[in-house]
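> Data file query_38.pdb (PDB, C-alpha atoms) is appended below.
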MODEL        1
ATOM      1  CA  MET N1017     -36.387  31.686  37.589  1.00  0.00           C
ATOM      2  CA  THR N1018     -38.225  29.167  39.699  1.00  0.00           C
ATOM      3  CA  LEU N1019     -40.806  29.643  42.407  1.00  0.00           C
ATOM      4  CA  ARG N1020     -39.976  27.507  45.443  1.00  0.00           C
ATOM      5  CA  ILE N1021     -43.044  26.992  47.598  1.00  0.00           C
ATOM      6  CA  THR N1022     -44.160  24.574  50.288  1.00  0.00           C
ATOM      7  CA  ARG N1023     -46.817  21.978  49.541  1.00  0.00           C
ATOM      8  CA  ALA N1024     -48.817  23.302  52.509  1.00  0.00           C
ATOM      9  CA  TYR N1025     -49.046  26.735  50.876  1.00  0.00           C
ATOM     10  CA  VAL N1026     -49.976  25.307  47.477  1.00  0.00           C
ATOM     11  CA  GLU N1027     -52.798  23.362  49.123  1.00  0.00           C
ATOM     12  CA  ALA N1028     -53.890  26.368  51.199  1.00  0.00           C
ATOM     13  CA  ILE N1029     -54.129  28.589  48.110  1.00  0.00           C
ATOM     14  CA  LEU N1030     -56.074  25.945  46.135  1.00  0.00           C
ATOM     15  CA  GLU N1031     -58.395  25.473  49.114  1.00  0.00           C
ATOM     16  CA  GLN N1032     -58.943  29.235  49.406  1.00  0.00           C
ATOM     17  CA  SER N1033     -59.811  29.376  45.700  1.00  0.00           C
ATOM     18  CA  ARG N1034     -62.457  26.657  46.200  1.00  0.00           C
ATOM     19  CA  VAL N1035     -63.899  28.252  49.350  1.00  0.00           C
ATOM     20  CA  GLU N1036     -64.219  31.695  47.747  1.00  0.00           C
ATOM     21  CA  TYR N1037     -65.589  30.372  44.445  1.00  0.00           C
ATOM     22  CA  PRO N1038     -67.486  31.795  42.508  1.00  0.00           C
ATOM     23  CA  ASP N1039     -65.473  34.899  43.421  1.00  0.00           C
ATOM     24  CA  GLU N1040     -61.787  35.200  42.612  1.00  0.00           C
ATOM     25  CA  CYS N1041     -59.566  34.780  45.657  1.00  0.00           C
ATOM     26  CA  CYS N1042     -56.305  36.614  46.234  1.00  0.00           C
ATOM     27  CA  GLY N1043     -53.387  37.020  48.591  1.00  0.00           C
ATOM     28  CA  VAL N1044     -49.647  37.328  48.984  1.00  0.00           C
ATOM     29  CA  ILE N1045     -46.708  35.409  50.372  1.00  0.00           C
ATOM     30  CA  LEU N1046     -44.157  37.535  52.169  1.00  0.00           C
ATOM     31  CA  GLY N1047     -40.459  37.026  52.764  1.00  0.00           C
ATOM     32  CA  PRO N1048     -37.409  38.957  53.938  1.00  0.00           C
ATOM     33  CA  GLU N1049     -36.380  41.761  51.536  1.00  0.00           C
ATOM     34  CA  GLY N1050     -34.224  40.465  48.715  1.00  0.00           C
ATOM     35  CA  SER N1051     -34.473  36.835  49.879  1.00  0.00           C
ATOM     36  CA  ASP N1052     -36.993  35.489  47.311  1.00  0.00           C
ATOM     37  CA  ARG N1053     -38.205  33.172  50.112  1.00  0.00           C
ATOM     38  CA  ALA N1054     -41.976  32.572  50.165  1.00  0.00           C
ATOM     39  CA  GLU N1055     -42.187  32.388  53.954  1.00  0.00           C
ATOM     40  CA  THR N1056     -45.447  33.869  55.197  1.00  0.00           C
ATOM     41  CA  LEU N1057     -48.803  33.228  53.546  1.00  0.00           C
ATOM     42  CA  LYS N1058     -51.252  36.101  53.868  1.00  0.00           C
ATOM     43  CA  PRO N1059     -54.676  35.569  52.277  1.00  0.00           C
ATOM     44  CA  MET N1060     -56.305  38.905  51.389  1.00  0.00           C
ATOM     45  CA  ILE N1061     -59.930  39.910  50.962  1.00  0.00           C
ATOM     46  CA  ASN N1062     -61.036  40.436  47.376  1.00  0.00           C
ATOM     47  CA  ALA N1063     -62.610  43.866  47.808  1.00  0.00           C
ATOM     48  CA  ALA N1064     -64.216  43.519  44.365  1.00  0.00           C
ATOM     49  CA  HIS N1065     -66.124  40.346  45.453  1.00  0.00           C
ATOM     50  CA  SER N1066     -66.274  39.368  41.808  1.00  0.00           C
ATOM     51  CA  PRO N1067     -65.893  36.230  39.666  1.00  0.00           C
ATOM     52  CA  THR N1068     -63.967  38.259  37.080  1.00  0.00           C
ATOM     53  CA  PHE N1069     -61.926  40.770  39.067  1.00  0.00           C
ATOM     54  CA  TYR N1070     -59.895  41.010  42.238  1.00  0.00           C
ATOM     55  CA  GLU N1071     -58.522  43.976  44.086  1.00  0.00           C
ATOM     56  CA  PHE N1072     -56.996  44.401  47.522  1.00  0.00           C
ATOM     57  CA  ASP N1073     -58.969  46.843  49.648  1.00  0.00           C
ATOM     58  CA  SER N1074     -57.169  50.189  49.696  1.00  0.00           C
ATOM     59  CA  LYS N1075     -56.858  50.245  53.500  1.00  0.00           C
ATOM     60  CA  ASP N1076     -55.658  46.629  53.592  1.00  0.00           C
ATOM     61  CA  LEU N1077     -53.069  47.503  50.942  1.00  0.00           C
ATOM     62  CA  LEU N1078     -51.661  50.364  53.006  1.00  0.00           C
ATOM     63  CA  ALA N1079     -51.613  48.211  56.144  1.00  0.00           C
ATOM     64  CA  LEU N1080     -49.799  45.476  54.222  1.00  0.00           C
ATOM     65  CA  TYR N1081     -47.075  47.833  52.996  1.00  0.00           C
ATOM     66  CA  ARG N1082     -46.672  49.341  56.479  1.00  0.00           C
ATOM     67  CA  GLU N1083     -46.209  45.822  57.843  1.00  0.00           C
ATOM     68  CA  LEU N1084     -43.635  45.065  55.147  1.00  0.00           C
ATOM     69  CA  ASP N1085     -41.699  48.231  55.993  1.00  0.00           C
ATOM     70  CA  ASP N1086     -41.786  47.543  59.716  1.00  0.00           C
ATOM     71  CA  ASN N1087     -40.491  43.984  59.245  1.00  0.00           C
ATOM     72  CA  SER N1088     -38.075  44.596  56.326  1.00  0.00           C
ATOM     73  CA  GLN N1089     -40.127  42.190  54.233  1.00  0.00           C
ATOM     74  CA  GLU N1090     -41.336  42.272  50.671  1.00  0.00           C
ATOM     75  CA  ILE N1091     -44.024  40.641  48.576  1.00  0.00           C
ATOM     76  CA  VAL N1092     -42.483  37.476  47.149  1.00  0.00           C
ATOM     77  CA  VAL N1093     -45.685  36.045  45.637  1.00  0.00           C
ATOM     78  CA  VAL N1094     -48.924  37.687  44.515  1.00  0.00           C
ATOM     79  CA  TYR N1095     -51.608  35.081  43.841  1.00  0.00           C
ATOM     80  CA  HIS N1096     -55.181  35.018  42.660  1.00  0.00           C
ATOM     81  CA  SER N1097     -57.637  32.586  41.142  1.00  0.00           C
ATOM     82  CA  HIS N1098     -59.373  32.542  37.808  1.00  0.00           C
ATOM     83  CA  THR N1099     -62.799  31.022  38.189  1.00  0.00           C
ATOM     84  CA  GLU N1100     -63.642  29.807  34.694  1.00  0.00           C
ATOM     85  CA  THR N1101     -60.532  30.457  32.617  1.00  0.00           C
ATOM     86  CA  GLN N1102     -57.059  29.004  32.553  1.00  0.00           C
ATOM     87  CA  ALA N1103     -54.383  29.939  35.057  1.00  0.00           C
ATOM     88  CA  TYR N1104     -52.653  32.337  32.698  1.00  0.00           C
ATOM     89  CA  PRO N1105     -52.366  36.119  33.216  1.00  0.00           C
ATOM     90  CA  SER N1106     -55.173  38.047  31.542  1.00  0.00           C
ATOM     91  CA  ARG N1107     -54.717  41.415  29.884  1.00  0.00           C
ATOM     92  CA  THR N1108     -56.036  42.986  33.088  1.00  0.00           C
ATOM     93  CA  ASP N1109     -53.543  41.044  35.195  1.00  0.00           C
ATOM     94  CA  ILE N1110     -50.697  42.234  32.994  1.00  0.00           C
ATOM     95  CA  ALA N1111     -51.878  45.847  33.022  1.00  0.00           C
ATOM     96  CA  TYR N1112     -52.023  45.891  36.820  1.00  0.00           C
ATOM     97  CA  ALA N1113     -48.867  43.908  37.560  1.00  0.00           C
ATOM     98  CA  SER N1114     -46.633  46.313  39.430  1.00  0.00           C
ATOM     99  CA  GLU N1115     -44.168  44.256  41.434  1.00  0.00           C
ATOM    100  CA  PRO N1116     -41.275  43.458  39.109  1.00  0.00           C
ATOM    101  CA  ASN N1117     -39.656  41.279  41.778  1.00  0.00           C
ATOM    102  CA  ALA N1118     -42.738  39.193  42.560  1.00  0.00           C
ATOM    103  CA  HIS N1119     -43.808  35.770  41.367  1.00  0.00           C
ATOM    104  CA  TYR N1120     -47.362  36.058  40.037  1.00  0.00           C
ATOM    105  CA  VAL N1121     -49.203  32.832  40.840  1.00  0.00           C
ATOM    106  CA  LEU N1122     -52.440  31.928  39.085  1.00  0.00           C
ATOM    107  CA  VAL N1123     -54.713  29.078  40.055  1.00  0.00           C
ATOM    108  CA  SER N1124     -57.922  28.074  38.333  1.00  0.00           C
ATOM    109  CA  THR N1125     -61.112  26.608  39.710  1.00  0.00           C
ATOM    110  CA  ARG N1126     -62.530  25.719  36.292  1.00  0.00           C
ATOM    111  CA  LYS N1127     -64.256  22.383  36.530  1.00  0.00           C
ATOM    112  CA  GLU N1128     -62.813  20.566  33.532  1.00  0.00           C
ATOM    113  CA  ILE N1129     -59.272  20.749  34.872  1.00  0.00           C
ATOM    114  CA  ALA N1130     -57.921  19.013  37.957  1.00  0.00           C
ATOM    115  CA  PRO N1131     -57.002  21.957  40.185  1.00  0.00           C
ATOM    116  CA  GLU N1132     -53.632  20.421  40.996  1.00  0.00           C
ATOM    117  CA  ASN N1133     -52.611  20.995  37.405  1.00  0.00           C
ATOM    118  CA  GLU N1134     -53.588  24.611  37.519  1.00  0.00           C
ATOM    119  CA  PHE N1135     -51.080  26.154  39.857  1.00  0.00           C
ATOM    120  CA  ARG N1136     -48.762  28.207  37.709  1.00  0.00           C
ATOM    121  CA  SER N1137     -46.271  30.981  38.273  1.00  0.00           C
ATOM    122  CA  TYR N1138     -45.122  33.897  36.130  1.00  0.00           C
ATOM    123  CA  ARG N1139     -42.948  36.960  36.047  1.00  0.00           C
ATOM    124  CA  ILE N1140     -44.716  39.994  34.653  1.00  0.00           C
ATOM    125  CA  ILE N1141     -42.308  42.809  33.840  1.00  0.00           C
ATOM    126  CA  ASP N1142     -43.136  45.802  31.654  1.00  0.00           C
ATOM    127  CA  GLY N1143     -46.077  43.944  30.139  1.00  0.00           C
ATOM    128  CA  VAL N1144     -44.056  40.828  29.283  1.00  0.00           C
ATOM    129  CA  VAL N1145     -45.231  37.516  30.780  1.00  0.00           C
ATOM    130  CA  THR N1146     -42.723  34.735  31.366  1.00  0.00           C
ATOM    131  CA  GLU N1147     -43.900  31.457  32.848  1.00  0.00           C
ATOM    132  CA  GLU N1148     -41.509  29.889  35.326  1.00  0.00           C
ATOM    133  CA  ASP N1149     -41.118  26.508  37.004  1.00  0.00           C
ATOM    134  CA  VAL N1150     -42.759  25.791  40.339  1.00  0.00           C
ATOM    135  CA  GLU N1151     -40.762  23.675  42.759  1.00  0.00           C
ATOM    136  CA  ILE N1152     -43.039  22.268  45.449  1.00  0.00           C
ATOM    137  CA  VAL N1153     -41.149  21.290  48.586  1.00  0.00           C
ATOM    138  CA  ALA N1154     -42.012  19.882  52.006  1.00  0.00           C
ATOM    139  CA  ALA N1155     -40.191  22.751  53.707  1.00  0.00           C
ATOM    140  CA  LEU N1156     -38.312  25.816  52.391  1.00  0.00           C
TER     141      LEU N1156
ATOM    142  CA  MET Q 682     -43.683  77.054  54.292  1.00  0.00           C
ATOM    143  CA  SER Q 683     -40.221  75.556  54.587  1.00  0.00           C
ATOM    144  CA  ALA Q 684     -38.693  73.877  51.555  1.00  0.00           C
ATOM    145  CA  SER Q 685     -39.552  70.259  50.840  1.00  0.00           C
ATOM    146  CA  SER Q 686     -41.893  69.852  53.737  1.00  0.00           C
ATOM    147  CA  ILE Q 687     -43.961  66.877  52.567  1.00  0.00           C
ATOM    148  CA  GLU Q 688     -42.455  63.431  52.583  1.00  0.00           C
ATOM    149  CA  VAL Q 689     -43.494  61.118  49.737  1.00  0.00           C
ATOM    150  CA  ARG Q 690     -42.943  57.363  49.754  1.00  0.00           C
ATOM    151  CA  ILE Q 691     -42.278  55.945  46.309  1.00  0.00           C
ATOM    152  CA  PRO Q 692     -43.165  52.328  45.395  1.00  0.00           C
ATOM    153  CA  THR Q 693     -40.575  50.016  43.830  1.00  0.00           C
ATOM    154  CA  ILE Q 694     -42.048  50.256  40.353  1.00  0.00           C
ATOM    155  CA  LEU Q 695     -41.674  54.059  40.278  1.00  0.00           C
ATOM    156  CA  ARG Q 696     -38.194  54.243  41.806  1.00  0.00           C
ATOM    157  CA  PRO Q 697     -36.479  54.297  38.406  1.00  0.00           C
ATOM    158  CA  PHE Q 698     -37.879  57.859  38.182  1.00  0.00           C
ATOM    159  CA  THR Q 699     -36.361  58.858  41.539  1.00  0.00           C
ATOM    160  CA  LYS Q 700     -32.935  57.302  40.936  1.00  0.00           C
ATOM    161  CA  GLY Q 701     -33.852  54.513  43.322  1.00  0.00           C
ATOM    162  CA  GLU Q 702     -34.877  56.786  46.196  1.00  0.00           C
ATOM    163  CA  LYS Q 703     -37.596  55.268  48.423  1.00  0.00           C
ATOM    164  CA  THR Q 704     -38.580  58.615  49.898  1.00  0.00           C
ATOM    165  CA  VAL Q 705     -38.520  62.035  48.310  1.00  0.00           C
ATOM    166  CA  SER Q 706     -39.895  65.362  49.443  1.00  0.00           C
ATOM    167  CA  ALA Q 707     -41.695  68.296  47.895  1.00  0.00           C
ATOM    168  CA  ASP Q 708     -43.708  71.393  48.705  1.00  0.00           C
ATOM    169  CA  ALA Q 709     -47.408  71.696  47.928  1.00  0.00           C
ATOM    170  CA  THR Q 710     -50.751  72.769  49.337  1.00  0.00           C
ATOM    171  CA  ASN Q 711     -52.769  70.090  47.576  1.00  0.00           C
ATOM    172  CA  LEU Q 712     -52.243  66.808  45.756  1.00  0.00           C
ATOM    173  CA  ALA Q 713     -52.321  68.291  42.237  1.00  0.00           C
ATOM    174  CA  GLU Q 714     -49.533  70.703  43.210  1.00  0.00           C
ATOM    175  CA  LEU Q 715     -47.562  67.894  44.785  1.00  0.00           C
ATOM    176  CA  ILE Q 716     -47.708  65.761  41.640  1.00  0.00           C
ATOM    177  CA  SER Q 717     -46.699  68.747  39.535  1.00  0.00           C
ATOM    178  CA  ALA Q 718     -43.758  69.466  41.868  1.00  0.00           C
ATOM    179  CA  LEU Q 719     -42.688  65.800  41.770  1.00  0.00           C
ATOM    180  CA  ASP Q 720     -42.861  65.762  37.993  1.00  0.00           C
ATOM    181  CA  LYS Q 721     -40.581  68.823  37.833  1.00  0.00           C
ATOM    182  CA  SER Q 722     -37.940  67.080  39.950  1.00  0.00           C
ATOM    183  CA  TYR Q 723     -38.489  63.592  38.517  1.00  0.00           C
ATOM    184  CA  THR Q 724     -39.464  63.919  34.886  1.00  0.00           C
ATOM    185  CA  GLY Q 725     -42.098  61.426  33.783  1.00  0.00           C
ATOM    186  CA  LEU Q 726     -43.332  60.560  37.268  1.00  0.00           C
ATOM    187  CA  GLY Q 727     -46.453  62.713  36.844  1.00  0.00           C
ATOM    188  CA  ASP Q 728     -47.507  60.761  33.802  1.00  0.00           C
ATOM    189  CA  ARG Q 729     -47.371  57.528  35.792  1.00  0.00           C
ATOM    190  CA  LEU Q 730     -49.770  58.983  38.375  1.00  0.00           C
ATOM    191  CA  LEU Q 731     -52.188  60.877  36.144  1.00  0.00           C
ATOM    192  CA  GLU Q 732     -54.172  60.028  33.049  1.00  0.00           C
ATOM    193  CA  ASN Q 733     -56.217  62.705  31.263  1.00  0.00           C
ATOM    194  CA  GLY Q 734     -55.815  64.955  34.272  1.00  0.00           C
ATOM    195  CA  GLU Q 735     -57.231  62.388  36.721  1.00  0.00           C
ATOM    196  CA  LEU Q 736     -55.572  60.051  39.160  1.00  0.00           C
ATOM    197  CA  ARG Q 737     -54.861  56.741  37.442  1.00  0.00           C
ATOM    198  CA  ARG Q 738     -57.290  53.998  38.404  1.00  0.00           C
ATOM    199  CA  PHE Q 739     -54.530  51.588  39.469  1.00  0.00           C
ATOM    200  CA  ILE Q 740     -52.563  54.025  41.622  1.00  0.00           C
ATOM    201  CA  ASN Q 741     -53.500  54.553  45.262  1.00  0.00           C
ATOM    202  CA  ILE Q 742     -52.266  57.666  47.044  1.00  0.00           C
ATOM    203  CA  TYR Q 743     -52.636  58.177  50.773  1.00  0.00           C
ATOM    204  CA  ILE Q 744     -52.168  61.336  52.809  1.00  0.00           C
ATOM    205  CA  ASN Q 745     -51.067  60.125  56.213  1.00  0.00           C
ATOM    206  CA  ASP Q 746     -53.374  57.082  56.490  1.00  0.00           C
ATOM    207  CA  GLU Q 747     -56.261  58.282  54.359  1.00  0.00           C
ATOM    208  CA  ASP Q 748     -56.923  57.301  50.735  1.00  0.00           C
ATOM    209  CA  VAL Q 749     -57.062  60.577  48.768  1.00  0.00           C
ATOM    210  CA  ARG Q 750     -60.125  59.313  46.894  1.00  0.00           C
ATOM    211  CA  PHE Q 751     -62.051  60.022  50.103  1.00  0.00           C
ATOM    212  CA  MET Q 752     -60.437  63.473  50.440  1.00  0.00           C
ATOM    213  CA  GLY Q 753     -61.217  65.048  47.085  1.00  0.00           C
ATOM    214  CA  SER Q 754     -58.514  63.249  45.045  1.00  0.00           C
ATOM    215  CA  LEU Q 755     -56.368  65.887  43.327  1.00  0.00           C
ATOM    216  CA  THR Q 756     -57.853  68.686  45.446  1.00  0.00           C
ATOM    217  CA  ALA Q 757     -56.989  66.888  48.708  1.00  0.00           C
ATOM    218  CA  PRO Q 758     -55.266  69.486  50.900  1.00  0.00           C
ATOM    219  CA  LEU Q 759     -51.676  69.085  52.080  1.00  0.00           C
ATOM    220  CA  LYS Q 760     -49.734  70.843  54.787  1.00  0.00           C
ATOM    221  CA  ALA Q 761     -46.170  70.831  56.047  1.00  0.00           C
ATOM    222  CA  GLY Q 762     -45.335  67.619  57.854  1.00  0.00           C
ATOM    223  CA  ASP Q 763     -47.847  65.471  55.976  1.00  0.00           C
ATOM    224  CA  SER Q 764     -46.680  62.105  54.799  1.00  0.00           C
ATOM    225  CA  VAL Q 765     -47.806  60.862  51.382  1.00  0.00           C
ATOM    226  CA  THR Q 766     -47.640  57.213  50.311  1.00  0.00           C
ATOM    227  CA  ILE Q 767     -48.003  56.105  46.703  1.00  0.00           C
ATOM    228  CA  LEU Q 768     -48.905  52.445  46.151  1.00  0.00           C
ATOM    229  CA  PRO Q 769     -49.835  50.591  42.997  1.00  0.00           C
ATOM    230  CA  ALA Q 770     -53.134  48.741  43.320  1.00  0.00           C
ATOM    231  CA  VAL Q 771     -52.842  44.977  43.616  1.00  0.00           C
ATOM    232  CA  ALA Q 772     -55.563  43.907  41.250  1.00  0.00           C
ATOM    233  CA  GLY Q 773     -56.418  41.930  38.151  1.00  0.00           C
ATOM    234  CA  GLY Q 774     -58.990  39.552  36.802  1.00  0.00           C
ATOM    235  CA  CYS Q 775     -59.806  37.074  34.116  1.00  0.00           C
TER     236      CYS Q 775
ENDMDL
END
Translate the structure of the given file into structure tokens.


Amino acid sequence: MTLRITRAYVEAILEQSRVEYPDECCGVILGPEGSDRAETLKPMINAAHSPTFYEFDSKDLLALYRELDDNSQEIVVVYHSHTETQAYPSRTDIAYASEPNAHYVLVSTRKEIAPENEFRSYRIIDGVVTEEDVEIVAAL
Amino acid sequence: MSASSIEVRIPTILRPFTKGEKTVSADATNLAELISALDKSYTGLGDRLLENGELRRFINIYINDEDVRFMGSLTAPLKAGDSVTILPAVAGGC
């Protein structure tokens, strides 16, 4: 599997991770059901406001799923930032991963790494993490 | 109460328990009863919602538009015509 994503979205997610530092940032990219097209970027509020944890607010989560239902969309990408560790799913990330069809994107704001190198994508299914390629394109 | 009067929306990750059904229905007067009724029809589903008799931390359940955690969790009352939505939390951390 490969995640295909526009350069504008990659830059927007990296920028969001810098703006919300030292907290973790989070969000989703939506697309038509079954399309695997990362079409609509939707930054979310980290209700945990924490450098080590992120969680969508429970009301925001319900609103998001209602919107998906109304528009026949699904979550194509779930992303969040790690603030001081590498962009690799933590045990917590794996335990919570619940969208078998989603690409899980991790970015890192740790200082010793150029952020551009820390945009990585994974599948997380039944506790098994598989890194995948990221194809950055000008337009989908 | 008429049979199967509460509609329950099932998230993708739990649909293997409901043979792929997005929406199922059951009868109950509170959330604990609902989960027990669901588990009878869809074996194993209850265990994915409860841990040590409490709602799992990473599962959100809503009655109509309200998070059950603000309605007494498992004692949250249900009546015919209510709509229940189950959603996995989107969460994680380093």

> Just give me the residues with any atom within 12 Å of (-39.9, 54.7, 40.7), file coordinates, counting all atoms listed in the file, written as a ChimeraX atom specification.

/N:1114-1116 /Q:689-705,719-720,723-730,767-769

> Hey, what comes out of the PyMOL selection byres ((chain N) within 8 of (chain Q)) on this file? Could you write it as an MDAnalysis selection string?

chainID N and resid 1040 1068:1072 1074:1075 1077:1078 1098:1099 1101 1105:1116

> With the PyMOL selection byres ((chain Q and resi 763) around 9) as the selection, what would be picked from this file? Answer as JSON, numbers by chain, please.

{"Q": [686, 687, 688, 689, 744, 745, 759, 760, 761, 762, 764, 765]}

> Considering only C-alpha atoms, return as number ranges by chain whatever protein or nucleic-acid residues lie within 7 Å of range 1080-1093 of chain N, sequence-local ones (same chain, fewer than 3 positions apart) excluded.

N: 1044-1049, 1052-1054, 1076-1077, 1118-1121

> Please measure the separation of CA of Lys1127 in chain N and CA of Glu1100 in chain N, giving the value in Å to one decimal.

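About the pair CA of Lys1127 in chain N and CA of Glu1100 in chain N: they are 7.7 Å apart.
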
> Measure the distance from CA of Glu1055 in chain N to CA of Glu1134 in chain N in Å and round it to one decimal.

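Distance between the two atoms: 21.5 Å.
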
> CA of Val1150 in chain N to CA of Ala1079 in chain N: how many Å, to one decimal?

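Answer for the CA of Val1150 in chain N to CA of Ala1079 in chain N separation: 28.8 Å.
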
> Starting from the PyMOL selection byres ((chain N and resi 1043) around 9), expand the selection into actual residues of this file and give them as an mmCIF file with C-alpha atoms, keeping the file's coordinate frame.


data_model
loop_
_atom_site.group_PDB
_atom_site.id
_atom_site.type_symbol
_atom_site.label_atom_id
_atom_site.label_comp_id
_atom_site.auth_asym_id
_atom_site.auth_seq_id
_atom_site.Cartn_x
_atom_site.Cartn_y
_atom_site.Cartn_z
ATOM 1 C CA ILE N 1029 -54.129 28.589 48.110
ATOM 2 C CA CYS N 1041 -59.566 34.780 45.657
ATOM 3 C CA CYS N 1042 -56.305 36.614 46.234
ATOM 4 C CA VAL N 1044 -49.647 37.328 48.984
ATOM 5 C CA ILE N 1045 -46.708 35.409 50.372
ATOM 6 C CA LEU N 1057 -48.803 33.228 53.546
ATOM 7 C CA LYS N 1058 -51.252 36.101 53.868
ATOM 8 C CA PRO N 1059 -54.676 35.569 52.277
ATOM 9 C CA MET N 1060 -56.305 38.905 51.389
ATOM 10 C CA ILE N 1061 -59.930 39.910 50.962
ATOM 11 C CA ASN N 1062 -61.036 40.436 47.376
ATOM 12 C CA PHE N 1072 -56.996 44.401 47.522
ATOM 13 C CA VAL N 1093 -45.685 36.045 45.637
ATOM 14 C CA VAL N 1094 -48.924 37.687 44.515
ATOM 15 C CA TYR N 1095 -51.608 35.081 43.841
ATOM 16 C CA HIS N 1096 -55.181 35.018 42.660
#

> I'd like the contact shell of range 751-757 of chain Q - 9 Å cut-off, only C-alpha atoms, skipping same-chain residues fewer than 6 positions apart - returned as a PDB file with C-alpha atoms, in the frame of the given file.


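New file selection16.pdb:
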ATOM      1  CA  THR Q 710     -50.751  72.769  49.337  1.00  0.00           C
ATOM      2  CA  ASN Q 711     -52.769  70.090  47.576  1.00  0.00           C
ATOM      3  CA  LEU Q 712     -52.243  66.808  45.756  1.00  0.00           C
ATOM      4  CA  ALA Q 713     -52.321  68.291  42.237  1.00  0.00           C
ATOM      5  CA  GLU Q 714     -49.533  70.703  43.210  1.00  0.00           C
ATOM      6  CA  ILE Q 716     -47.708  65.761  41.640  1.00  0.00           C
ATOM      7  CA  GLU Q 735     -57.231  62.388  36.721  1.00  0.00           C
ATOM      8  CA  LEU Q 736     -55.572  60.051  39.160  1.00  0.00           C
ATOM      9  CA  ILE Q 742     -52.266  57.666  47.044  1.00  0.00           C
ATOM     10  CA  ILE Q 744     -52.168  61.336  52.809  1.00  0.00           C
TER      11      ILE Q 744
END
